[in-house]
Amino acid sequence: MVSYPDSASAERSLPIRRPPSVASHSSRASTVRRHRQHRSNFGGTSLTPQNEFPIFTHTGDVDITISNGRKEQRYLLHKLILTQCSGFFEAGTSDEWASAGDASTAGPSNGTALARIPSGARPDYKKKWSYELDWGKTEDDLPMLVQKKTQSTIFGGDACPPVQPPPARNKPAAPQSGFFRSMANFSTLHVPAATPESDPDDDTFRDYDNLFRIFYNYPPALDPVNIANAYVECKSLLQLADMYDALGVIGPRVDHHLLRFQGRLWKQIAKYPPSYLKLGYMARSKAIFAEAMVHVVGQWPQGINQLRGQIAEPVIELIEDKVDEMDELKAKIEVKLFRLSLTTSRGERVSPSSNWLDWIAVSLFRQWLAENTTPPPAPILKSPRPLGSRNGETAPSPPLPAFNTGRIFRLLGQSGSSYLNHDECKRFLRLNPEHYNRDNLKRFERRIDEIKNKAKDAVKPVMRNFLELDLREGGLPYLTCTRIDPQDFPWDE
């Protein structure tokens with residue numbers, strides 16, 4: 001019986017020696033090859049595979065395909081980057097997510113090949129993941145990435161490389177895309193592709209591209225000129241990031257883009273505070289959230305229908321707390337306003353017996369204050385019966401508009417001729433002809449101005465402005481004295 005030495009030990013103990021001529025020829029050939037690899041490709045096309053965003057041919061291990069039958073967008077990205085930026089990909093590429101079938105398929109299929117390779121030279125498995133956008137069955141369904149089954153090989157590639165375009169999906173594509181897909185199977189027909197402007201799915205392609213661009217620290221393609229378009233694009237991108245648990249990465253980039261509009265952004269927030277409050281909350285933008293919160297609290301309950309059930313409950317609780325704080329402050333100031341009075345030359349409060357004209361001035365101010373800070377009474381007349389009603393039923397009365405005293409406090413803070421001006425004082429004194437003359441009118445107006453100055457000092461606590469918006473260009477009919485402290489932001493809890 002003849003025994004043969006172990007192949008591995010033989011290779012270690014008996015190195016292969018080449019003849020000098022072969023060795024020299026090999027060195028020359030390697031030198032030629034080293035020089036040839038720097039040969040210029042001028043006049044021809046380079047065959048070097050792409051290894052940059054969005055296709056990392058050499059290092060990418062997550063294949064993502066977005067296709068609607070008319071056009072296709074493909075990404076070959078890195079699991080490391082995706083899992084750091086998105087909780088969706090972190091869960092989808094984890095070992096717990098992988099099924100038992102994938103492990104059993106990958107092992108036995110390569111067992112024979114691994115047995116033929118020495119243990120020290122066995123390469124590691126390079127697992128790849130593949131995702132494809134599922135558009136859903138109906139128009140109401142949100143498109144979502146779904147993971148496809150892939151088989152890894154010992155050579156770092158897929159057993160079946162992806163083919164472009166990808167195979168048909170299990171679920172139908174977006175509406176009206178099945179026609180184009182069926183026509184593509186006929187080589188004799190040429191269906192003109194839809195123009196990018198007319199494709200209804202362009203927004204989806206743009207949002208996913210911006211999502212992955214931000215993952216790789218590339219600037220997103222958002223409108224830099226029109227703030228209305230930028231808002232729509234940012235909102236759509238944030239909703240997509242929320243789906244894939246990536247708000248922590250996407251939010252700061254959206255915040256940075258919108259803050260570049262500066263003054264135009266503050267004016268836009270003043271027009272649509274509930275919308276920007278929701279956007280600021282999703283983007284975790286302290287500047288946008290605080291600016292919108294000041295407007296919402298000042299107008300409350302005007303925007304309640306746009307926020308209730310559409311934003312997190314902690315935000316609603318924060319709004320209600322700030323509204324209660326403002327109401328308490330206004331109540332304290334109203335008490336001070338009603339206690340304002342004038343004094344005589346001896347330092348006594350005016351009364352009908354001491355100085356009737358000055359007492360009338362105080363009474364007029366208090367009457368104006370009470371009339372403008374008290375909600376109007378509910379109507380006592382029944383609403384007319386609508387046409388078609390039966391059994392004498394009456395339609396429910398429409399709800400009363402929200403009563404906001406912020407405008408009155410702003411008038412008190414402005415003083416001057418903003419209220420109880422010369423014409424109003426003159427009209428009031430004429431009600432009593434015995435006391436109406438030029439001297440009394442001048443004295444009456446001076447005493448009214450004294451009360452106005454006292455009222456202006458009393459309302460200073462609610463005249464503070466915590467907005468970035470410049471109110472010198474135009475005042476607001478509500479108070480903006482709400483202050484959002486660092487501990488108030490609901491996402492820092």
# chains A, B, ... in the order shown; residues from 1 in each chain; ligands from 1
call {"tool": "residues_around", "arguments": {"residues": "region 220-223 of chain A", "least_positions_apart": "6", "cutoff": "8 Å", "atoms": "only C-alpha atoms", "output": "list in words"}}
result
Arg206, Asn210, Leu211, Arg213, Ile214, Asn229, Ala230, Glu233, Cys234 and His257 of chain A
call {"tool": "residues_around", "arguments": {"residues": "Asn217 (chain A)", "least_positions_apart": "6", "cutoff": "12 Å", "atoms": "only C-alpha atoms", "output": "VMD selection string"}}
result
chain A and resid 53 81 85 210 to 211 249 to 250 252 to 253
call {"tool": "residues_around", "arguments": {"residues": "Trp368 (chain A)", "least_positions_apart": "6", "cutoff": "12 Å", "atoms": "only C-alpha atoms", "output": "list of chain:residue names"}}
result
A:Leu337, A:Phe338, A:Ala361, A:Val362, A:Thr374, A:Ile408, A:Leu411, A:Leu412, A:Tyr419, A:Leu420, A:Glu424, A:Cys425, A:Phe428, A:Ile448, A:Lys452
call {"tool": "write_last_selection", "arguments": {"atoms": "N, CA, C and O atoms", "output": "mmCIF file, in the first residue's frame"}}
result
data_model
loop_
_atom_site.group_PDB
_atom_site.id
_atom_site.type_symbol
_atom_site.label_atom_id
_atom_site.label_comp_id
_atom_site.auth_asym_id
_atom_site.auth_seq_id
_atom_site.Cartn_x
_atom_site.Cartn_y
_atom_site.Cartn_z
ATOM 1 N N LEU A 337 -56.541 96.607 34.520
ATOM 2 C CA LEU A 337 -57.125 97.616 33.634
ATOM 3 C C LEU A 337 -58.430 98.169 34.197
ATOM 4 O O LEU A 337 -58.693 99.380 34.114
ATOM 5 N N PHE A 338 -59.247 97.293 34.740
ATOM 6 C CA PHE A 338 -60.523 97.773 35.296
ATOM 7 C C PHE A 338 -60.326 98.584 36.581
ATOM 8 O O PHE A 338 -61.229 99.316 36.996
ATOM 9 N N ALA A 361 -64.672 110.412 32.075
ATOM 10 C CA ALA A 361 -63.597 109.870 31.242
ATOM 11 C C ALA A 361 -63.227 108.459 31.691
ATOM 12 O O ALA A 361 -63.038 107.550 30.856
ATOM 13 N N VAL A 362 -63.127 108.239 32.996
ATOM 14 C CA VAL A 362 -62.833 106.889 33.509
ATOM 15 C C VAL A 362 -63.964 105.933 33.164
ATOM 16 O O VAL A 362 -63.737 104.773 32.773
ATOM 17 N N THR A 374 -65.438 91.224 26.362
ATOM 18 C CA THR A 374 -66.488 90.271 26.728
ATOM 19 C C THR A 374 -67.050 89.638 25.460
ATOM 20 O O THR A 374 -67.371 90.343 24.505
ATOM 21 N N ILE A 408 -57.555 93.514 21.076
ATOM 22 C CA ILE A 408 -57.825 94.597 22.021
ATOM 23 C C ILE A 408 -56.574 94.927 22.830
ATOM 24 O O ILE A 408 -56.249 96.105 23.064
ATOM 25 N N LEU A 411 -54.332 97.016 20.758
ATOM 26 C CA LEU A 411 -54.769 98.410 20.710
ATOM 27 C C LEU A 411 -54.374 99.148 21.986
ATOM 28 O O LEU A 411 -53.923 100.301 21.949
ATOM 29 N N LEU A 412 -54.536 98.477 23.121
ATOM 30 C CA LEU A 412 -54.143 99.097 24.380
ATOM 31 C C LEU A 412 -52.631 99.336 24.426
ATOM 32 O O LEU A 412 -52.165 100.337 24.988
ATOM 33 N N TYR A 419 -57.670 103.942 19.567
ATOM 34 C CA TYR A 419 -59.022 103.757 20.116
ATOM 35 C C TYR A 419 -59.365 104.992 20.930
ATOM 36 O O TYR A 419 -58.489 105.729 21.398
ATOM 37 N N LEU A 420 -60.664 105.233 21.114
ATOM 38 C CA LEU A 420 -61.162 106.420 21.828
ATOM 39 C C LEU A 420 -60.451 107.683 21.321
ATOM 40 O O LEU A 420 -59.854 108.443 22.098
ATOM 41 N N GLU A 424 -64.492 110.111 18.652
ATOM 42 C CA GLU A 424 -65.299 109.365 19.615
ATOM 43 C C GLU A 424 -65.522 110.184 20.896
ATOM 44 O O GLU A 424 -66.625 110.166 21.473
ATOM 45 N N CYS A 425 -64.485 110.878 21.332
ATOM 46 C CA CYS A 425 -64.647 111.720 22.530
ATOM 47 C C CYS A 425 -65.634 112.861 22.273
ATOM 48 O O CYS A 425 -66.481 113.175 23.120
ATOM 49 N N PHE A 428 -69.149 111.523 22.232
ATOM 50 C CA PHE A 428 -69.618 111.162 23.565
ATOM 51 C C PHE A 428 -70.030 112.407 24.372
ATOM 52 O O PHE A 428 -71.077 112.425 25.037
ATOM 53 N N ILE A 448 -58.391 111.272 29.044
ATOM 54 C CA ILE A 448 -58.455 109.978 28.348
ATOM 55 C C ILE A 448 -57.049 109.511 27.984
ATOM 56 O O ILE A 448 -56.704 108.321 28.113
ATOM 57 N N LYS A 452 -55.025 106.060 28.925
ATOM 58 C CA LYS A 452 -54.406 105.236 27.884
ATOM 59 C C LYS A 452 -52.948 104.929 28.228
ATOM 60 O O LYS A 452 -52.477 103.797 28.027
#
call {"tool": "atom_distance", "arguments": {"atom1": "CA of Ser341 (chain A)", "atom2": "CA of Thr405 (chain A)"}}
result
21.8 Å
call {"tool": "residues_around", "arguments": {"residues": "Ser354 (chain A)", "least_positions_apart": "6", "cutoff": "10 Å", "atoms": "only C-alpha atoms", "output": "short mmCIF file (atom, residue, chain, number, x, y, z; two decimals) with C-alpha atoms, in the first residue's frame"}}
result
data_model
loop_
_atom_site.label_atom_id
_atom_site.label_comp_id
_atom_site.auth_asym_id
_atom_site.auth_seq_id
_atom_site.Cartn_x
_atom_site.Cartn_y
_atom_site.Cartn_z
CA THR A 343 -56.82 111.31 40.75
CA THR A 344 -57.57 114.87 41.68
CA GLU A 348 -57.87 111.43 45.67
#
call {"tool": "residues_around", "arguments": {"residues": "Phe205 (chain A)", "least_positions_apart": "3", "cutoff": "8 Å", "atoms": "only C-alpha atoms", "output": "ChimeraX atom specification"}}
result
/A:66,73,201-202,208-209
call {"tool": "closest_residue", "arguments": {"among": "A:Val335, A:Val296, A:Val225, A:Ala283", "to": "Leu247 (chain A)", "atoms": "only C-alpha atoms"}}
result
A:Ala283
call {"tool": "residues_around", "arguments": {"residues": "Ala331 (chain A)", "least_positions_apart": "2", "cutoff": "12 Å", "atoms": "only C-alpha atoms", "output": "MDAnalysis selection string"}}
result
chainID A and resid 324:329 333:338 373:374 405 409 458:459 461:462
call {"tool": "write_last_selection", "arguments": {"atoms": "N, CA, C and O atoms", "output": "PDB file, in the first residue's frame"}}
result
ATOM      1  N   ASP A 324     -53.470  78.183  28.320  1.00  0.00           N
ATOM      2  CA  ASP A 324     -53.883  78.432  29.704  1.00  0.00           C
ATOM      3  C   ASP A 324     -52.982  79.472  30.369  1.00  0.00           C
ATOM      4  O   ASP A 324     -53.466  80.345  31.113  1.00  0.00           O
ATOM      5  N   GLU A 325     -51.681  79.395  30.103  1.00  0.00           N
ATOM      6  CA  GLU A 325     -50.765  80.382  30.673  1.00  0.00           C
ATOM      7  C   GLU A 325     -51.088  81.786  30.162  1.00  0.00           C
ATOM      8  O   GLU A 325     -51.081  82.759  30.927  1.00  0.00           O
ATOM      9  N   MET A 326     -51.391  81.892  28.880  1.00  0.00           N
ATOM     10  CA  MET A 326     -51.717  83.196  28.321  1.00  0.00           C
ATOM     11  C   MET A 326     -53.043  83.715  28.881  1.00  0.00           C
ATOM     12  O   MET A 326     -53.174  84.914  29.183  1.00  0.00           O
ATOM     13  N   ASP A 327     -54.023  82.840  29.029  1.00  0.00           N
ATOM     14  CA  ASP A 327     -55.319  83.276  29.577  1.00  0.00           C
ATOM     15  C   ASP A 327     -55.164  83.767  31.013  1.00  0.00           C
ATOM     16  O   ASP A 327     -55.804  84.756  31.417  1.00  0.00           O
ATOM     17  N   GLU A 328     -54.346  83.089  31.802  1.00  0.00           N
ATOM     18  CA  GLU A 328     -54.118  83.538  33.173  1.00  0.00           C
ATOM     19  C   GLU A 328     -53.454  84.906  33.201  1.00  0.00           C
ATOM     20  O   GLU A 328     -53.808  85.777  34.013  1.00  0.00           O
ATOM     21  N   LEU A 329     -52.491  85.104  32.314  1.00  0.00           N
ATOM     22  CA  LEU A 329     -51.821  86.398  32.261  1.00  0.00           C
ATOM     23  C   LEU A 329     -52.773  87.501  31.825  1.00  0.00           C
ATOM     24  O   LEU A 329     -52.774  88.609  32.395  1.00  0.00           O
ATOM     25  N   ILE A 333     -54.106  90.933  33.882  1.00  0.00           N
ATOM     26  CA  ILE A 333     -53.981  92.274  33.306  1.00  0.00           C
ATOM     27  C   ILE A 333     -55.344  92.946  33.205  1.00  0.00           C
ATOM     28  O   ILE A 333     -55.472  94.168  33.427  1.00  0.00           O
ATOM     29  N   GLU A 334     -56.380  92.195  32.898  1.00  0.00           N
ATOM     30  CA  GLU A 334     -57.719  92.778  32.820  1.00  0.00           C
ATOM     31  C   GLU A 334     -58.160  93.334  34.179  1.00  0.00           C
ATOM     32  O   GLU A 334     -58.809  94.395  34.256  1.00  0.00           O
ATOM     33  N   VAL A 335     -57.806  92.649  35.244  1.00  0.00           N
ATOM     34  CA  VAL A 335     -58.141  93.156  36.577  1.00  0.00           C
ATOM     35  C   VAL A 335     -57.461  94.499  36.809  1.00  0.00           C
ATOM     36  O   VAL A 335     -58.069  95.456  37.329  1.00  0.00           O
ATOM     37  N   LYS A 336     -56.198  94.599  36.410  1.00  0.00           N
ATOM     38  CA  LYS A 336     -55.487  95.873  36.567  1.00  0.00           C
ATOM     39  C   LYS A 336     -56.114  96.974  35.715  1.00  0.00           C
ATOM     40  O   LYS A 336     -56.203  98.128  36.139  1.00  0.00           O
ATOM     41  N   LEU A 337     -56.541  96.607  34.520  1.00  0.00           N
ATOM     42  CA  LEU A 337     -57.125  97.616  33.634  1.00  0.00           C
ATOM     43  C   LEU A 337     -58.430  98.169  34.197  1.00  0.00           C
ATOM     44  O   LEU A 337     -58.693  99.380  34.114  1.00  0.00           O
ATOM     45  N   PHE A 338     -59.247  97.293  34.740  1.00  0.00           N
ATOM     46  CA  PHE A 338     -60.523  97.773  35.296  1.00  0.00           C
ATOM     47  C   PHE A 338     -60.326  98.584  36.581  1.00  0.00           C
ATOM     48  O   PHE A 338     -61.229  99.316  36.996  1.00  0.00           O
ATOM     49  N   THR A 373     -63.797  93.230  25.607  1.00  0.00           N
ATOM     50  CA  THR A 373     -63.166  92.035  26.184  1.00  0.00           C
ATOM     51  C   THR A 373     -64.177  90.993  26.628  1.00  0.00           C
ATOM     52  O   THR A 373     -63.793  89.971  27.199  1.00  0.00           O
ATOM     53  N   THR A 374     -65.438  91.224  26.362  1.00  0.00           N
ATOM     54  CA  THR A 374     -66.488  90.271  26.728  1.00  0.00           C
ATOM     55  C   THR A 374     -67.050  89.638  25.460  1.00  0.00           C
ATOM     56  O   THR A 374     -67.371  90.343  24.505  1.00  0.00           O
ATOM     57  N   THR A 405     -59.250  88.135  22.357  1.00  0.00           N
ATOM     58  CA  THR A 405     -59.027  89.492  22.873  1.00  0.00           C
ATOM     59  C   THR A 405     -57.628  90.010  22.550  1.00  0.00           C
ATOM     60  O   THR A 405     -57.259  91.095  23.005  1.00  0.00           O
ATOM     61  N   PHE A 409     -55.858  93.894  23.238  1.00  0.00           N
ATOM     62  CA  PHE A 409     -54.631  94.157  23.993  1.00  0.00           C
ATOM     63  C   PHE A 409     -53.596  94.874  23.129  1.00  0.00           C
ATOM     64  O   PHE A 409     -52.817  95.692  23.641  1.00  0.00           O
ATOM     65  N   ALA A 458     -49.787  98.761  31.680  1.00  0.00           N
ATOM     66  CA  ALA A 458     -50.355  97.550  32.281  1.00  0.00           C
ATOM     67  C   ALA A 458     -50.271  96.350  31.354  1.00  0.00           C
ATOM     68  O   ALA A 458     -50.160  95.204  31.819  1.00  0.00           O
ATOM     69  N   VAL A 459     -50.345  96.569  30.041  1.00  0.00           N
ATOM     70  CA  VAL A 459     -50.371  95.449  29.090  1.00  0.00           C
ATOM     71  C   VAL A 459     -48.982  95.103  28.554  1.00  0.00           C
ATOM     72  O   VAL A 459     -48.869  94.278  27.633  1.00  0.00           O
ATOM     73  N   PRO A 461     -46.615  93.160  29.682  1.00  0.00           N
ATOM     74  CA  PRO A 461     -46.249  91.731  29.710  1.00  0.00           C
ATOM     75  C   PRO A 461     -46.751  90.927  28.516  1.00  0.00           C
ATOM     76  O   PRO A 461     -46.111  89.944  28.126  1.00  0.00           O
ATOM     77  N   VAL A 462     -47.896  91.311  27.924  1.00  0.00           N
ATOM     78  CA  VAL A 462     -48.410  90.563  26.770  1.00  0.00           C
ATOM     79  C   VAL A 462     -48.016  91.218  25.449  1.00  0.00           C
ATOM     80  O   VAL A 462     -48.392  90.721  24.385  1.00  0.00           O
TER      81      VAL A 462
END
call {"tool": "closest_residue", "arguments": {"among": "A:Ala370, A:Phe89, A:Asp358, A:Leu258", "to": "Ser345 (chain A)", "atoms": "only C-alpha atoms"}}
result
A:Asp358
call {"tool": "atom_distance", "arguments": {"atom1": "CA of His58 (chain A)", "atom2": "CA of Asp207 (chain A)"}}
result
25.8 Å
call {"tool": "atom_distance", "arguments": {"atom1": "CA of Ala228 (chain A)", "atom2": "CA of Trp266 (chain A)"}}
result
12.5 Å
call {"tool": "select_by_dssp", "arguments": {"residues": "region 451-486 of chain A", "states": "helix (DSSP H, G or I)", "output": "list in words"}}
result
Ile451, Lys452, Asn453, Lys454, Ala455, Lys456, Asp457, Ala458, Lys460, Pro461, Val462, Leu471, Arg472, Glu473 and Pro486 of chain A
call {"tool": "closest_residue", "arguments": {"among": "A:Lys149, A:Lys286, A:Arg264, A:His295", "to": "Lys128 (chain A)", "atoms": "only C-alpha atoms"}}
result
A:Lys149
call {"tool": "decode", "arguments": {"residues": "region 275-289 of chain A", "atoms": "N, CA and C atoms", "output": "mmCIF file, in the first residue's frame"}}
result
data_model
loop_
_atom_site.group_PDB
_atom_site.id
_atom_site.type_symbol
_atom_site.label_atom_id
_atom_site.label_comp_id
_atom_site.auth_asym_id
_atom_site.auth_seq_id
_atom_site.Cartn_x
_atom_site.Cartn_y
_atom_site.Cartn_z
ATOM 1 N N SER A 275 -49.959 74.113 9.490
ATOM 2 C CA SER A 275 -49.217 73.264 8.556
ATOM 3 C C SER A 275 -47.736 73.244 8.900
ATOM 4 N N TYR A 276 -47.177 74.392 9.200
ATOM 5 C CA TYR A 276 -45.757 74.439 9.518
ATOM 6 C C TYR A 276 -45.465 73.895 10.911
ATOM 7 N N LEU A 277 -46.449 73.921 11.792
ATOM 8 C CA LEU A 277 -46.249 73.288 13.094
ATOM 9 C C LEU A 277 -46.071 71.785 12.926
ATOM 10 N N LYS A 278 -46.889 71.170 12.075
ATOM 11 C CA LYS A 278 -46.754 69.740 11.823
ATOM 12 C C LYS A 278 -45.447 69.424 11.112
ATOM 13 N N LEU A 279 -45.060 70.266 10.166
ATOM 14 C CA LEU A 279 -43.795 70.037 9.476
ATOM 15 C C LEU A 279 -42.617 70.213 10.420
ATOM 16 N N GLY A 280 -42.651 71.260 11.255
ATOM 17 C CA GLY A 280 -41.568 71.471 12.203
ATOM 18 C C GLY A 280 -41.450 70.341 13.207
ATOM 19 N N TYR A 281 -42.586 69.756 13.593
ATOM 20 C CA TYR A 281 -42.547 68.630 14.522
ATOM 21 C C TYR A 281 -41.923 67.401 13.860
ATOM 22 N N MET A 282 -42.271 67.125 12.618
ATOM 23 C CA MET A 282 -41.708 65.964 11.926
ATOM 24 C C MET A 282 -40.213 66.148 11.679
ATOM 25 N N ALA A 283 -39.815 67.369 11.314
ATOM 26 C CA ALA A 283 -38.407 67.632 11.014
ATOM 27 C C ALA A 283 -37.588 67.865 12.275
ATOM 28 N N ARG A 284 -38.239 67.901 13.437
ATOM 29 C CA ARG A 284 -37.541 68.213 14.686
ATOM 30 C C ARG A 284 -36.802 69.546 14.577
ATOM 31 N N SER A 285 -37.455 70.496 13.926
ATOM 32 C CA SER A 285 -36.881 71.826 13.741
ATOM 33 C C SER A 285 -37.351 72.732 14.867
ATOM 34 N N LYS A 286 -36.455 73.125 15.738
ATOM 35 C CA LYS A 286 -36.836 73.972 16.864
ATOM 36 C C LYS A 286 -37.252 75.363 16.397
ATOM 37 N N ALA A 287 -36.570 75.881 15.378
ATOM 38 C CA ALA A 287 -36.889 77.230 14.897
ATOM 39 C C ALA A 287 -38.281 77.275 14.268
ATOM 40 N N ILE A 288 -38.566 76.345 13.366
ATOM 41 C CA ILE A 288 -39.867 76.331 12.678
ATOM 42 C C ILE A 288 -40.979 75.971 13.654
ATOM 43 N N PHE A 289 -40.739 74.996 14.519
ATOM 44 C CA PHE A 289 -41.766 74.572 15.468
ATOM 45 C C PHE A 289 -42.114 75.701 16.428
#
